[in-house]
Structures are given as structure tokens and as C-alpha cells.
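Everything below concerns the one structure shown next.
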Amino acid sequence: MRGRSEHQVGAMARLRNFSLTWAALIILLLSGSLEGCGHISVSAPIVRLGDPITASCIITQKCSHLDPESQILWRLGADLQPGGRQQHLSDGTQESTITLPHLNHTRAFLSCCLNWSNTVQILDQVELHAGYPPAVPRNLSCLMNLTTNSLNCQWEPGPETHLPTNITLKSFKSRANCQTQEDSIQDCVPKDGQSRCSIPRRHLLLYQNMVIWVQAENALGTSMSLQLCLNPMDVVKLEPPMLRTLDPNPEAPPPEPGCLHLCWEPWKPGLFINQKCELRHKPQRGDASWALVGPLPSEAFQYELCGLLPATTYTLQIRCIRWPLPGLWSNWSPNLELRTTERAPTVRLDIWWRQRQLDPRTVQLFWKPVPLEEDSGQIQGYLVSWRPSGQAAAILPLCNTTELSCTFHLPSEAQEVTLEAYNSAGTSLPSPVAFSESRGPALTRLHAMSRDPHSLWVGWELPSPQPQGYVIEWGPGPSSTSNSNKTWRMEQSGSITGFLLKENIRPFQLYEITVTPLYQDAMGPSQHVYAYSQERGPSRAPELRLNHIGKTWAQLEWVPEPPELGKSPLTHYTIFWTNAQNQFFSAILNASSSGFVLHGLKPASLYHVHLMAASKAGAINSTVLNLMTLTPEGSELHILLGLFGLLLLLTCLCGTVWLCCSPKKNPLWPNVPDPAHSSLGSWVPTTMEEK
């Protein structure tokens, strides 16, 4: 059963292989039937990128099995191209011509095709190339390498051409100013993708001029660089020497502070060439730049470099050049790192001291180092010592510290101590400290004021005699009694009458400033003054209180706030009030005011009142006081009505009197004529006449 299944599988595999073979044979017969039916010709197979190109395709007569009206198609790569013009020639062939307006492919296949057996069949195809002519090579330079014994040249080739381009370094031997050509030198062809080439020593005459240039050539053109005229030995580039430290010599003195002893091993192939060298160095700390030293002695191969910072690590490099004949500088040598030796501190110590009130023999000493030179040496510590009288060799240390202050007990017989700064190389000049008494005159009219939030000006009047200097101390006010928070400064000029303090000044801080005059072997008593570095505005406004109120007025009062330290004095008050209709009113008052009367109010109306206290440093508002003016009372209304009634009665009485006293005719009765002057017979009442 198993053998039968294996036989069936083998039969199916043979059948599949036979089918594939037959299909491949059919495809070959079909494609071979169009072989030689068409031929493409182009105007140029290589053109400038973006230029037009014209191609034609001719179908020969031997392809009689083709339809005479077959349409010839054009395809560039995988894309069909429209625009082909097809015609029948007199010899019975068919021709199709196409013009591609812009060839934007650096490499593409142009195919002539037919629709045959419902498929597009290729009759012929041609490979097209597009690119640019070579640019002119630039910046040609050459140097003679004595290690490889060759002339190495390099250049900038220019942009990509997209075409196969041949680069050649050409040269010939010449004399004088390179105007005449003598022997040609074998061309140097660089490796693919490189823009450098080396001419070996066997093709060179080291002390004879030669002309060198670069030529670039492709199918679209040829370009050449500017010619270079040189003598190979004039462009010799040496290898840098090897820097190293000079081996210590027990018999030789050690290097001075700020100096380094170094030497170098020259490049052996360049020993026969006269050359000069130069050194550069920079400290490793900070962003220092290189400092150049040269020329160095050419025969000793060692050098003492001085003028450096003490106790500092330096990075050093050296390079050389052929000299006095022309040549090229070598590269800088690898780094050499050396450290300079320490030097004793060269500083002046400004010293100030205080005695404790409870224990006058306990002294607190303060000092500040002032460098006397740019490179004053590093300070590792300070030593306070005392030499007993009559004991020249005995020195008793009182304090050894790295801080800028020290507290010690002064021996009862000591009137003077010595302060020194030291490091591993030695000590500074000793600074004597004499504990003088306060016997000089004091300063007068000491005052201080703020200039800005970070500075204070302290001034005084010169005493007589004039001091030799001053010690100015400042620190936080009475709330801080620690001397560690105080800053001090010694002024060596005794003619000044003030100083601007800028160190350790913070805004809105009360400072105590102490100034002590210094005289010859004496000092004056210390004077103190307090000042704020910046004053604040008022912290709160007085609270408004209503004293009396009427229907159209209100009397207000307040208690002014007492003056506060650090607060700017008040300059004025402003009182604001607003009615229910949001109408706004205000009045400005003097800072000495403690009350105000609001006039022009409306009866039975609500008002909102607040007070603003202002100074040069700012302003602040009080809380709002709400008040209601009074309404008219009932008795007052009765009085008003009574007054109105009385006025009305008086008016009526006056009218009555006037009517009674004035002779007026009564319109209610007829006018009776005077009998003495009229006739009764002729008199007829008015009513009878109307009837």
C-alpha cells in the first residue's frame, strides 16, 4: 500500500514537471516569433538630464504574420508614452517616431511594443542615460609625504554627474615658472568615489618644478581644474615631534613656580631637514584658549616654559615646519598634560579683630586676602602665631584654620600676634596684628540710606586728625547678634566720607552698620547706625469709625497707625464713598488727619465708605464701612404741616382784608342810579327791557 502511494506521488511530480517544461517552450516559441521584427534608433543614447530625445521604431517586411494595421506602442520603463507618430514607408515597412520632451530619468529603458495575442510584446528596446557634464574640479592642493615618499594631492570634485566619469590627475615636469613642458608624468587615476591620488617617488624629481591638474571626462564633456605649479620639496609636510616631560635630574634645581620643563623627540625621517617648531598650551580649567609660543630652539629639543599659573594642569602640543625653505606645517602632536608647581602665596591680609566683653583676652580675628599679583598662588590655610619676647626661636601657634576668622585666647603678656597664609610651597609675608586701644577721635554725623533694594550708602564727616583708613561692618539688625552673619570691609583711604555697600544686601531688611576709624597705632570708637535696604508700604490702613450721622452728612474718624520700622512714612489719606447708584466720590486728606465729614448725602440712603493709606512705597485700603443716612421723623412732619397750614391761613386773611377794604361793585345786585341825577320815569329795569 505504501509503495503504491509513493508511485502515485512520483507520477504526479513527473506530470507537473512536464507541464512546466511545455509551458516554457510555448512562451519561447511565441516570443521568438517576433524576434527581429523591430529596430529602435535614437537621436542620442546619452543626453543632459531634462533635455528632449527622439526615437524611431521600424517593423521590417519579414514579419508578414503581423497585422498591417498593428498599432506600435512606446514604453519608457513601465509607463506607456503617448505621442507616437506611425506611418507606412514605400518599402512596405512601418515606422513609429516619438519625441520625449524631457528625459528626467538618469537611466531608463525605452521599448517599442505591439499588441500581439492579447499581450504587449516588446519588439526592441534601448537603454537611455541622462546626466550632466563634469564640473570643474576645485581647490587642488598637494603635499609631499616623506613617510610614504609620495606626492599626495586632493581636490573637490563638484556635484554628481549621474554618468560614468573618468577622473585623472595629470602632470608633467617643467622648469623655471612652469611655462614649458618637458617630460610627462604617468597619469594618476583615483579609486572610485575618491577625490585624492598619490604620485609615487619614482615619477618625481624632488627639486624640480612640475605642473599638476585634474581632468574630469564623461560622455557629455570634459573639464579641467586650474593648473598647479610646485616643487615637491616646497610642499613637504613633516610629522609632528613627540612631546614628553624632561626626566628629573637630582642635581638640577626644581622648576620655578609657574614653569614647566619639557622636551621632544623629533621625527626621524625629517632629521636632515632644517625646521622650526612652535608650542601651544592652555590650562585645563575653564574655557581657556590656546596660547602660542615660538619659535622653539631647533637643536636643543628641550624648553623651559614659564609664565604659567601655579598649581595648574596644562595641555601642551607641538608642531614643526621646514625652514627657512618653503614647507607646510605638520599636524599638532598628541596632547601632553603637565602640572606646574605651587608657589607661596603673595597676598596682603586685611585684618580686623574684636574682643569679647566678658573676657577681653578672648580675641576674634577676621581677615581677607588681597592678591598682590595676578598669580598670587593658592592658599591652603592660615596660621596665627605668637613669638614670646626673649625667645627668638620659639613660635607658639594660636590658631591654624582654613576659614577667614579665628577665635583664640590671647596670652596675658602678648600685645601682638602674626598672621600668615601658607601652602605646600611656603608662606606669605607675616602680617603683624597689634591690639591697639580706642584712643582716636570718633566719627561724627554717621548716616545711612538705601540706594536700591540691594545696596546701602553709609556716610560720615571726617574727624580731625584724619584717619588712615576705616573698617566698615554690616549685618542684620538687632534681631541677629551673631558675628558670623556680619560682613566687613577695610578701606585703606582715610579721606573718603562714605561708601556704597553692595555685598550681602537683601531687600526689606534692617541692617546695623558699624564704622571704626583707624589711626596710627590706634583706632577710634565704633559708631553704629541702622538702615533698611528698602522700605515697605503700610501693612494696614486705620479702621474707619462712624462718630455722628445726619440726614445729609456723616462724621467719620480713625486712629492713625503708629510708625513702624522698615515702613515708609505716610504721605496722605484718600477717603472714598459710593452710593446705591454706584456714584463714586473721593477726597484727599493730609497724613496728619484723623477724621472727615461727608457732606451732600441724601437722606435715607446707603453709602459704602473706605479709607486708603498711601506712602512712597505703596498703599493699602481699610475695610469697608457701610452707613445709612437718617430719614425725617413724625414730629418734624407735623411741624411742617402746621407751618404750611399757618401760611395758608395768613394767605386767606390777607385776601379777605383786601376784598373788604377795596371799593368794588357787587355783581350780584343791579346798579341803582342816583335819584338826584336821574329820572324815575326813564328808568326801566334790565329784565323788563329784555322781555
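Here's how to read the names in the C-alpha cells: chain A, B, ... by the order shown, residue numbers from 1 in each chain, ligand numbers from 1 in the order shown.
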Every residue of segment 533-672 of chain A that DSSP places in strand (DSSP E or B), as a PyMOL selection string:
chain A and resi 536+545-549+553-557+567+570-579+584-590+595-599+606-615+618-621+625-628
Export of prior selection with N, CA and C atoms as a short mmCIF file (atom, residue, chain, number, x, y, z; two decimals), in the first residue's frame:
```cif
data_model
loop_
_atom_site.label_atom_id
_atom_site.label_comp_id
_atom_site.auth_asym_id
_atom_site.auth_seq_id
_atom_site.Cartn_x
_atom_site.Cartn_y
_atom_site.Cartn_z
N ARG A 536 9.08 99.22 53.08
CA ARG A 536 7.84 98.65 52.59
C ARG A 536 6.72 99.68 52.70
N ARG A 545 -14.40 104.64 61.74
CA ARG A 545 -15.49 104.56 62.72
C ARG A 545 -16.45 105.73 62.49
N LEU A 546 -17.74 105.45 62.65
CA LEU A 546 -18.77 106.47 62.48
C LEU A 546 -18.99 107.18 63.81
N ASN A 547 -18.74 108.48 63.81
CA ASN A 547 -18.90 109.26 65.05
C ASN A 547 -20.32 109.83 65.16
N HIS A 548 -20.79 110.57 64.16
CA HIS A 548 -22.14 111.12 64.12
C HIS A 548 -22.64 111.01 62.70
N ILE A 549 -23.98 111.00 62.57
CA ILE A 549 -24.58 110.93 61.24
C ILE A 549 -25.89 111.69 61.24
N TRP A 553 -25.39 114.24 56.13
CA TRP A 553 -23.97 114.30 56.46
C TRP A 553 -23.62 113.13 57.37
N ALA A 554 -22.31 112.85 57.45
CA ALA A 554 -21.81 111.79 58.33
C ALA A 554 -20.41 112.18 58.77
N GLN A 555 -20.14 112.09 60.05
CA GLN A 555 -18.82 112.41 60.60
C GLN A 555 -18.08 111.11 60.91
N LEU A 556 -16.88 110.96 60.27
CA LEU A 556 -16.07 109.76 60.42
C LEU A 556 -14.78 110.12 61.14
N GLU A 557 -14.20 109.13 61.81
CA GLU A 557 -12.91 109.32 62.47
C GLU A 557 -12.15 108.00 62.45
N LYS A 567 9.00 100.67 57.43
CA LYS A 567 7.82 101.08 56.68
C LYS A 567 7.98 102.55 56.31
N LEU A 570 3.70 107.69 55.96
CA LEU A 570 2.53 108.01 55.14
C LEU A 570 2.66 109.40 54.54
N THR A 571 2.17 109.53 53.31
CA THR A 571 2.16 110.82 52.64
C THR A 571 0.77 111.44 52.61
N HIS A 572 -0.29 110.63 52.58
CA HIS A 572 -1.65 111.17 52.55
C HIS A 572 -2.65 110.04 52.74
N TYR A 573 -3.90 110.47 53.01
CA TYR A 573 -5.05 109.55 53.03
C TYR A 573 -5.96 109.92 51.87
N THR A 574 -6.70 108.95 51.40
CA THR A 574 -7.77 109.18 50.43
C THR A 574 -9.01 108.44 50.91
N ILE A 575 -10.13 109.17 51.07
CA ILE A 575 -11.37 108.56 51.52
C ILE A 575 -12.32 108.45 50.33
N PHE A 576 -12.94 107.31 50.17
CA PHE A 576 -13.83 107.02 49.04
C PHE A 576 -15.20 106.66 49.58
N TRP A 577 -16.27 107.15 48.94
CA TRP A 577 -17.62 106.72 49.28
C TRP A 577 -18.44 106.57 48.01
N THR A 578 -19.36 105.59 48.04
CA THR A 578 -20.18 105.23 46.89
C THR A 578 -21.61 105.07 47.35
N ASN A 579 -22.57 105.61 46.55
CA ASN A 579 -23.98 105.46 46.92
C ASN A 579 -24.58 104.23 46.25
N PHE A 584 -19.51 107.50 42.43
CA PHE A 584 -18.24 107.42 43.14
C PHE A 584 -17.78 108.82 43.54
N PHE A 585 -17.34 108.98 44.82
CA PHE A 585 -16.84 110.26 45.33
C PHE A 585 -15.56 109.98 46.12
N SER A 586 -14.66 110.96 46.16
CA SER A 586 -13.42 110.79 46.91
C SER A 586 -12.93 112.14 47.39
N ALA A 587 -12.02 112.10 48.38
CA ALA A 587 -11.39 113.30 48.91
C ALA A 587 -10.01 112.92 49.43
N ILE A 588 -9.00 113.77 49.16
CA ILE A 588 -7.63 113.54 49.57
C ILE A 588 -7.36 114.36 50.83
N LEU A 589 -6.77 113.69 51.85
CA LEU A 589 -6.53 114.31 53.15
C LEU A 589 -5.04 114.24 53.49
N ASN A 590 -4.61 115.11 54.37
CA ASN A 590 -3.23 115.10 54.85
C ASN A 590 -2.98 113.86 55.69
N GLY A 595 -9.91 112.48 60.95
CA GLY A 595 -11.36 112.48 60.80
C GLY A 595 -11.78 113.27 59.58
N PHE A 596 -13.04 113.06 59.17
CA PHE A 596 -13.56 113.74 57.99
C PHE A 596 -15.08 113.69 58.04
N VAL A 597 -15.73 114.77 57.53
CA VAL A 597 -17.19 114.85 57.49
C VAL A 597 -17.63 114.77 56.04
N LEU A 598 -18.51 113.83 55.76
CA LEU A 598 -19.08 113.68 54.43
C LEU A 598 -20.31 114.57 54.33
N HIS A 599 -20.33 115.48 53.38
CA HIS A 599 -21.45 116.38 53.16
C HIS A 599 -22.15 116.04 51.85
N LEU A 606 -28.09 104.55 51.47
CA LEU A 606 -26.99 103.67 51.90
C LEU A 606 -25.70 104.11 51.20
N TYR A 607 -24.61 104.17 51.96
CA TYR A 607 -23.30 104.54 51.41
C TYR A 607 -22.25 103.53 51.87
N HIS A 608 -21.26 103.29 50.97
CA HIS A 608 -20.12 102.42 51.27
C HIS A 608 -18.87 103.30 51.32
N VAL A 609 -18.16 103.25 52.44
CA VAL A 609 -17.02 104.15 52.65
C VAL A 609 -15.80 103.31 53.01
N HIS A 610 -14.60 103.65 52.42
CA HIS A 610 -13.34 103.05 52.87
C HIS A 610 -12.23 104.08 52.75
N LEU A 611 -11.15 103.83 53.50
CA LEU A 611 -10.02 104.75 53.61
C LEU A 611 -8.78 104.09 53.02
N MET A 612 -8.00 104.83 52.23
CA MET A 612 -6.74 104.33 51.67
C MET A 612 -5.59 105.13 52.29
N ALA A 613 -4.63 104.39 52.90
CA ALA A 613 -3.42 105.00 53.44
C ALA A 613 -2.29 104.78 52.44
N ALA A 614 -1.58 105.84 52.05
CA ALA A 614 -0.57 105.77 50.99
C ALA A 614 0.74 106.35 51.47
N SER A 615 1.85 105.73 50.97
CA SER A 615 3.21 106.23 51.18
C SER A 615 3.96 106.12 49.86
N GLY A 618 3.99 102.44 48.67
CA GLY A 618 2.78 101.72 48.31
C GLY A 618 1.57 102.26 49.05
N ALA A 619 0.45 101.58 48.90
CA ALA A 619 -0.81 102.00 49.53
C ALA A 619 -1.60 100.76 49.90
N ILE A 620 -2.54 100.96 50.85
CA ILE A 620 -3.39 99.86 51.28
C ILE A 620 -4.74 100.43 51.69
N ASN A 621 -5.81 99.66 51.50
CA ASN A 621 -7.17 100.08 51.80
C ASN A 621 -7.62 99.50 53.13
N LEU A 625 -16.81 100.50 55.34
CA LEU A 625 -17.81 100.88 56.34
C LEU A 625 -19.11 101.22 55.62
N ASN A 626 -20.18 100.54 55.98
CA ASN A 626 -21.50 100.79 55.40
C ASN A 626 -22.30 101.68 56.36
N LEU A 627 -22.90 102.76 55.84
CA LEU A 627 -23.69 103.66 56.69
C LEU A 627 -24.97 104.07 55.95
N MET A 628 -26.01 104.38 56.74
CA MET A 628 -27.31 104.79 56.22
C MET A 628 -27.65 106.15 56.82
#
```
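Inside segment 121-355 of chain A, the residues DSSP reads as helix (DSSP H, G or I) when given the backbone are Arg201, Arg202, His203, Pro232, Met233, Asp234, Val235, Lys268, Pro269 and Gly270 of chain A.
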Keeping only N, CA and C atoms, take the residues you just selected and write them out as a PDB file, in the first residue's frame.
```pdb
ATOM      1  N   ARG A 201      57.236  58.312  -5.601  1.00  0.00           N
ATOM      2  CA  ARG A 201      58.531  58.988  -5.665  1.00  0.00           C
ATOM      3  C   ARG A 201      59.265  58.713  -6.969  1.00  0.00           C
ATOM      4  N   ARG A 202      59.091  57.545  -7.550  1.00  0.00           N
ATOM      5  CA  ARG A 202      59.853  57.207  -8.761  1.00  0.00           C
ATOM      6  C   ARG A 202      59.463  58.060  -9.958  1.00  0.00           C
ATOM      7  N   HIS A 203      58.330  58.731  -9.905  1.00  0.00           N
ATOM      8  CA  HIS A 203      57.912  59.600 -11.008  1.00  0.00           C
ATOM      9  C   HIS A 203      58.232  61.064 -10.737  1.00  0.00           C
ATOM     10  N   PRO A 232      58.023  69.701  -5.430  1.00  0.00           N
ATOM     11  CA  PRO A 232      57.591  68.750  -4.406  1.00  0.00           C
ATOM     12  C   PRO A 232      58.198  69.012  -3.031  1.00  0.00           C
ATOM     13  N   MET A 233      59.437  69.473  -2.970  1.00  0.00           N
ATOM     14  CA  MET A 233      60.053  69.709  -1.663  1.00  0.00           C
ATOM     15  C   MET A 233      59.530  70.982  -0.998  1.00  0.00           C
ATOM     16  N   ASP A 234      58.904  71.856  -1.792  1.00  0.00           N
ATOM     17  CA  ASP A 234      58.327  73.063  -1.200  1.00  0.00           C
ATOM     18  C   ASP A 234      57.003  72.793  -0.499  1.00  0.00           C
ATOM     19  N   VAL A 235      56.451  71.629  -0.702  1.00  0.00           N
ATOM     20  CA  VAL A 235      55.182  71.283  -0.056  1.00  0.00           C
ATOM     21  C   VAL A 235      55.364  70.088   0.874  1.00  0.00           C
ATOM     22  N   LYS A 268      62.129  61.181  12.885  1.00  0.00           N
ATOM     23  CA  LYS A 268      63.412  60.734  12.340  1.00  0.00           C
ATOM     24  C   LYS A 268      63.565  60.971  10.848  1.00  0.00           C
ATOM     25  N   PRO A 269      62.572  60.711   9.994  1.00  0.00           N
ATOM     26  CA  PRO A 269      62.787  60.994   8.558  1.00  0.00           C
ATOM     27  C   PRO A 269      63.037  62.465   8.261  1.00  0.00           C
ATOM     28  N   GLY A 270      62.706  63.363   9.172  1.00  0.00           N
ATOM     29  CA  GLY A 270      62.901  64.791   8.926  1.00  0.00           C
ATOM     30  C   GLY A 270      64.142  65.352   9.590  1.00  0.00           C
TER      31      GLY A 270
END
```
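If you look at atom CA of Ser605 of chain A and atom CA of Lys551 of chain A, they are 8.6 Å away from each other.
Taking atom CA of Thr407 of chain A as the reference point, atom CA of Glu491 of chain A is found at 23.2 Å.
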Give me the residues within 7 Å of Val529 of chain A as a list in words, counting only C-alpha atoms and dropping any in the same chain fewer than 5 places off.
Leu446, His447, Ala448, Glu512, Ile513 and Thr514 of chain A
Would you write out those residues with N, CA and C atoms, as a CSV table (one decimal), in the first residue's frame?
```
chain,number,residue,atom,x,y,z
A,446,LEU,N,27.2,110.1,61.5
A,446,LEU,CA,27.2,108.9,60.7
A,446,LEU,C,25.7,108.7,60.3
A,447,HIS,N,25.5,108.4,59.0
A,447,HIS,CA,24.2,108.2,58.5
A,447,HIS,C,24.2,107.2,57.4
A,448,ALA,N,23.0,106.6,57.1
A,448,ALA,CA,22.9,105.6,56.1
A,448,ALA,C,21.6,105.7,55.4
A,512,GLU,N,22.4,96.8,60.6
A,512,GLU,CA,23.2,97.5,61.5
A,512,GLU,C,24.6,97.7,60.9
A,513,ILE,N,25.0,99.0,60.8
A,513,ILE,CA,26.2,99.4,60.1
A,513,ILE,C,27.1,100.0,61.2
A,514,THR,N,28.3,99.5,61.2
A,514,THR,CA,29.3,100.0,62.2
A,514,THR,C,30.5,100.4,61.4
```
Do you have, as a tab-separated table, the list of residues of segment 246-293 of chain A lying at most 8 Å from segment 302-315 of chain A, each with its nearest atom pair and that distance in Å to one decimal, counting only C-alpha atoms and ordered by chain then number?
```
residue	atom	partner	partner_atom	distance
A:Leu246	CA	A:Gln302	CA	7.7
A:Pro257	CA	A:Pro310	CA	5.8
A:Gly258	CA	A:Leu308	CA	4.4
A:Cys259	CA	A:Cys306	CA	4.0
A:Leu260	CA	A:Leu305	CA	5.1
A:His261	CA	A:Glu304	CA	4.6
A:Leu262	CA	A:Tyr303	CA	5.6
A:Cys263	CA	A:Gln302	CA	3.9
A:Trp264	CA	A:Gln302	CA	6.3
A:His281	CA	A:Thr315	CA	5.5
A:Lys282	CA	A:Tyr314	CA	5.6
A:Pro283	CA	A:Tyr314	CA	4.4
A:Gln284	CA	A:Tyr314	CA	5.7
A:Arg285	CA	A:Thr313	CA	7.9
```
Write a file of the selected residues as a short mmCIF file (atom, residue, chain, number, x, y, z; two decimals), in the first residue's frame, keeping C-alpha atoms.
```cif
data_model
loop_
_atom_site.label_atom_id
_atom_site.label_comp_id
_atom_site.auth_asym_id
_atom_site.auth_seq_id
_atom_site.Cartn_x
_atom_site.Cartn_y
_atom_site.Cartn_z
CA LEU A 246 62.03 66.16 30.92
CA PRO A 257 56.71 78.12 40.27
CA GLY A 258 54.71 78.67 37.10
CA CYS A 259 57.32 76.91 34.91
CA LEU A 260 57.45 73.56 33.10
CA HIS A 261 60.48 71.64 31.79
CA LEU A 262 59.68 69.66 28.65
CA CYS A 263 61.44 68.08 25.70
CA TRP A 264 60.50 66.45 22.41
CA HIS A 281 49.34 75.40 25.67
CA LYS A 282 46.17 76.06 27.65
CA PRO A 283 45.04 75.38 31.22
CA GLN A 284 42.50 72.63 31.66
CA ARG A 285 40.28 74.67 33.97
#
```
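In this comparison, which uses only C-alpha atoms, the residue of A:Leu601, A:Pro137, A:Ile40, A:Thr147 approaching Leu110 of chain A most closely is A:Ile40.
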From the set A:Ala591, A:Ile98, A:Cys112, A:Ile167, which residue has the shortest atom-to-atom contact distance to His39 of chain A, counting only C-alpha atoms?
A:Cys112
Do you know which residues are at most 9 Å from Ser56 of chain A counting only C-alpha atoms, after dropping those on the same chain fewer than 2 positions away, and could you put them as a list in words?
His39, Ile40, Ser41, Val42, Ser43, Thr54, Ile58, Gly84, Glu95, Ser96, Thr97, Ile98, Thr99 and Cys112 of chain A
Restricting it to N, CA and C atoms, dump the selection as a compact mmCIF listing (two decimals), in the first residue's frame.
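Dumped to again19.txt:
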```txt
# COMPACT_ATOMS: atom_id res chain seq x y z
N HIS A 39 13.19 47.46 -34.85
CA HIS A 39 14.51 48.00 -34.51
C HIS A 39 14.34 49.47 -34.10
N ILE A 40 14.95 49.85 -32.95
CA ILE A 40 14.88 51.21 -32.43
C ILE A 40 16.17 51.94 -32.72
N SER A 41 16.03 53.18 -33.12
CA SER A 41 17.18 54.09 -33.25
C SER A 41 16.82 55.39 -32.53
N VAL A 42 17.79 55.97 -31.81
CA VAL A 42 17.57 57.18 -31.03
C VAL A 42 18.52 58.27 -31.48
N SER A 43 18.12 59.51 -31.20
CA SER A 43 18.97 60.64 -31.59
C SER A 43 20.28 60.64 -30.82
N THR A 54 14.64 61.98 -29.22
CA THR A 54 13.77 61.46 -30.29
C THR A 54 14.18 60.04 -30.62
N ILE A 58 11.14 50.78 -36.43
CA ILE A 58 10.76 50.29 -37.76
C ILE A 58 10.46 48.80 -37.68
N GLY A 84 3.27 58.93 -30.11
CA GLY A 84 3.96 58.29 -31.23
C GLY A 84 3.26 58.55 -32.58
N GLU A 95 6.83 52.52 -39.60
CA GLU A 95 7.73 53.32 -38.75
C GLU A 95 6.89 54.14 -37.76
N SER A 96 7.38 54.15 -36.51
CA SER A 96 6.77 54.98 -35.47
C SER A 96 7.86 55.86 -34.86
N THR A 97 7.54 57.13 -34.76
CA THR A 97 8.51 58.10 -34.21
C THR A 97 7.89 58.78 -32.99
N ILE A 98 8.73 58.98 -31.95
CA ILE A 98 8.27 59.64 -30.72
C ILE A 98 9.35 60.59 -30.24
N THR A 99 8.91 61.71 -29.65
CA THR A 99 9.83 62.68 -29.04
C THR A 99 9.45 62.85 -27.58
N CYS A 112 9.94 49.53 -27.78
CA CYS A 112 8.98 49.58 -28.89
C CYS A 112 8.16 48.29 -28.80
```
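Taking only C-alpha atoms, the non-local environment of segment 115-121 of chain A within 8 Å (same-chain residues fewer than 2 positions away omitted) comprises Ser31, Ser70, Gln71, Ile72, Cys113 and Leu123 of chain A.
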